[in-house]
Each structure stands twice: as structure tokens, then as C-alpha cells.
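Below: the structure, in C-alpha cells.
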Amino acid sequence: GRILTYTRYREGLPPTPPRDVPSGGLMPTELGSAYNMTGLTRLGFTGKGSTVVVFSFDGFEQSDLDSFADWFDVPRFTPQVVGGMPSHRTGESTMDLQMIHAVAPDARLVLVNARPTVEGGGSVYEKLGALMESVDRDFPGAVWSLSVGWGCDRLMTAADLNPVRSALAAAHRHGTTAFDATGDMAGLEC
């Protein structure tokens, strides 16, 4: 699998999708069908006028985003980066940005560096709450993608999570919709 994917990458071809995903993989053209969005796309809903904020611990390579756009014939895009580009690269942010762009090619994409919330001293959740408040001020009414997940009520006390809950509630009042991870660690830690 990995050797074939790497070989395809070196030859300038799109990666081979995993076999356990419907239709042989969720290519950009298939996302609408898999998530029952084709009717919206036909009606012209492309994300125009919307902002999608991706909170992330890792960065992306612009060349990866460009290759994705070229391979799948979608417009090239460059997300705005807030808080500096994280030096760590796992592919999570790249994947999130690519899939969001495939679903909403006209949306403004913003990557927010959340790595400082887990570095240094102090409460992670106080720092995360402050970061969310800042993003809410700068991008009111945006769609938030919290792909990494931020923990689970069973692992923290309610008091630990209060800064995040408060910031998220305020953002919701300003029109923000937030999506949190349901797989990976966020689905397993509880």
C-alpha cells in the first residue's frame, strides 16, 4: 500500500484510495455523493462568502495543496495562517484543508495554529478558550473544524473545560458552527 502510494506520488499521479472507503475512495467529486450534498452543489452552494477555520497542531506544505488541486481539477487555494505555520507535519491539516476545499471550493480557509495551547505552562483549556475567543473576534460566524479533538468530559473536570465551553457558547451566539473530531483519539479517549 505505502510503496504503491509513494510510487504514484513520485510519478505525479493521485494516491490510490483505501479499499475500505465507499466507491473505492472519497475523491473530491465523490464527497458530495457520500455526504448527500450533490443537491446543494447543483443549487450553487459552494461556500462562497463563508469562512472555514481549521484549528490544528500541524502545518501543511503549499505544494501538497497545489498537487491536490491539479490532480483533481479543483481551483488552487492558499489558506490564511493565523499564529504562524506549525513546523510539525503529520498530514492531518493537509487532509482537512483538501477535503474542506473539495466540498466548499469558494470558501475562505483559515488554519489556526493551536500548538501553543499545549506548550509551556498554564492551563491548556484556558489557553484554548482564549484562542477560541480571539478566532471568534477575528472570524465571527465562521465554521470551525476541530479535527484533533480536545478531550473528553470523563478525563477532565467541568471546571477544567469551562473556558472552552464559555468561548464556544459565545461563538455559537455569533453564528459559528463548530465540528469536533469523532474519530481518532477524540472517539477513543472516552
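So you can find residues: chains in the C-alpha cells are A, B, ... in the order shown, residues in each start at 1, and ligands are numbered from 1 in order.
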
Check: Can you list, as an NGL selection string, every residue of region 9-139 of chain A that DSSP puts in strand (DSSP E)?
Finding: :A and (51-56 or 80-82 or 108-113)

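You will find CA of Ala130 (chain A) at 7.6 Å from CA of Pro163 (chain A).
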
Interface rows for region 90-120 of chain A against region 30-45 of chain A: nearest pair, Å to one decimal, 12 Å, only C-alpha atoms, as a Markdown table:
```
| residue | atom | partner | partner_atom | distance |
| --- | --- | --- | --- | --- |
| A:Gln98 | CA | A:Leu31 | CA | 11.4 |
| A:Met99 | CA | A:Leu31 | CA | 8.2 |
| A:Ile100 | CA | A:Leu31 | CA | 9.9 |
| A:His101 | CA | A:Leu31 | CA | 10.9 |
| A:Ala102 | CA | A:Leu31 | CA | 7.7 |
| A:Val103 | CA | A:Gly32 | CA | 6.8 |
| A:Ala104 | CA | A:Phe45 | CA | 7.8 |
| A:Pro105 | CA | A:Phe45 | CA | 9.6 |
| A:Asp106 | CA | A:Phe45 | CA | 9.0 |
| A:Ala107 | CA | A:Phe45 | CA | 10.0 |
```

Those same residues, written as a compact mmCIF listing (two decimals), in the first residue's frame with C-alpha atoms?
```
# COMPACT_ATOMS: atom_id res chain seq x y z
CA GLN A 98 -8.11 19.50 0.97
CA MET A 99 -11.43 17.89 1.85
CA ILE A 100 -12.97 21.15 3.01
CA HIS A 101 -11.83 22.81 -0.22
CA ALA A 102 -13.29 19.96 -2.26
CA VAL A 103 -16.67 20.38 -0.53
CA ALA A 104 -16.66 24.19 -0.47
CA PRO A 105 -14.21 25.40 -3.13
CA ASP A 106 -15.25 29.05 -2.81
CA ALA A 107 -14.97 29.25 0.99
```

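Closest approach to Val52 (chain A) among A:Asp136, A:Asp64, A:Asp70, A:Glu119 is made by A:Asp136 (distances from only C-alpha atoms).
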
Checklist line | Distance of CA of Gly121 (chain A) from CA of Val81 (chain A), expressed in Å to one decimal place | finding: 24.0 Å

Checklist line | Selection near Val110 (chain A), 8 Å with only C-alpha atoms, sequence-local residues under 3 positions removed, as a PyMOL selection string | finding: chain A and resi 51-54+79-82

Next item on the list: Would you list the contacts of Leu146 (chain A) as number ranges by chain, taking every protein, DNA or RNA residue within 10 Å and counting only C-alpha atoms, but skipping same-chain residues closer than 6 positions in sequence?
Entry: A: 53-56, 96, 114, 178-182

Based on the selection just made, write N, CA, C and O atoms of those residues as an mmCIF file, in the first residue's frame.
```cif
data_model
loop_
_atom_site.group_PDB
_atom_site.id
_atom_site.type_symbol
_atom_site.label_atom_id
_atom_site.label_comp_id
_atom_site.auth_asym_id
_atom_site.auth_seq_id
_atom_site.Cartn_x
_atom_site.Cartn_y
_atom_site.Cartn_z
ATOM 1 N N VAL A 53 -12.596 27.736 9.516
ATOM 2 C CA VAL A 53 -11.397 27.805 10.339
ATOM 3 C C VAL A 53 -11.030 26.398 10.788
ATOM 4 O O VAL A 53 -11.866 25.690 11.347
ATOM 5 N N VAL A 54 -9.794 26.007 10.518
ATOM 6 C CA VAL A 54 -9.279 24.705 10.935
ATOM 7 C C VAL A 54 -8.295 24.928 12.077
ATOM 8 O O VAL A 54 -7.246 25.535 11.873
ATOM 9 N N PHE A 55 -8.667 24.498 13.278
ATOM 10 C CA PHE A 55 -7.755 24.552 14.418
ATOM 11 C C PHE A 55 -6.827 23.351 14.298
ATOM 12 O O PHE A 55 -7.303 22.229 14.156
ATOM 13 N N SER A 56 -5.518 23.575 14.358
ATOM 14 C CA SER A 56 -4.619 22.463 14.104
ATOM 15 C C SER A 56 -3.330 22.555 14.895
ATOM 16 O O SER A 56 -2.877 23.636 15.255
ATOM 17 N N ASP A 96 -7.440 17.781 6.019
ATOM 18 C CA ASP A 96 -8.617 18.571 6.378
ATOM 19 C C ASP A 96 -8.843 19.701 5.380
ATOM 20 O O ASP A 96 -9.961 19.910 4.888
ATOM 21 N N ALA A 114 -2.900 25.897 16.786
ATOM 22 C CA ALA A 114 -3.325 25.633 18.161
ATOM 23 C C ALA A 114 -2.201 25.028 19.000
ATOM 24 O O ALA A 114 -2.387 24.792 20.191
ATOM 25 N N ALA A 178 -19.517 24.728 14.987
ATOM 26 C CA ALA A 178 -18.265 24.027 15.278
ATOM 27 C C ALA A 178 -18.459 22.526 15.132
ATOM 28 O O ALA A 178 -19.465 21.977 15.573
ATOM 29 N N PHE A 179 -17.492 21.903 14.481
ATOM 30 C CA PHE A 179 -17.476 20.450 14.311
ATOM 31 C C PHE A 179 -16.243 19.916 15.012
ATOM 32 O O PHE A 179 -15.136 20.370 14.757
ATOM 33 N N ASP A 180 -16.423 18.950 15.910
ATOM 34 C CA ASP A 180 -15.319 18.355 16.646
ATOM 35 C C ASP A 180 -15.092 16.949 16.149
ATOM 36 O O ASP A 180 -15.997 16.291 15.642
ATOM 37 N N ALA A 181 -13.859 16.477 16.315
ATOM 38 C CA ALA A 181 -13.485 15.143 15.866
ATOM 39 C C ALA A 181 -14.358 14.099 16.547
ATOM 40 O O ALA A 181 -14.681 14.208 17.722
ATOM 41 N N THR A 182 -14.713 13.080 15.789
ATOM 42 C CA THR A 182 -15.459 11.967 16.357
ATOM 43 C C THR A 182 -14.672 10.676 16.216
ATOM 44 O O THR A 182 -15.050 9.667 16.756
#
```

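Pairwise distance (CA of Leu109 (chain A), CA of Phe57 (chain A)) equals 15.9 Å.
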
Notebook entry, point to check: Please, which residues of region 83-137 of chain A, numbered as in this document, come out helix (DSSP H, G or I) from DSSP, as a PyMOL selection string?
Noted result: chain A and resi 92-103+115-118+124-137

Next item on the list: Counting only C-alpha atoms, figure out which residue out of A:Ala167, A:Met95, A:Leu26, A:Ala159 gets nearest to Arg137 (chain A).
Entry: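 Answer, going by the shortest atom-to-atom distance: A:Ala167.
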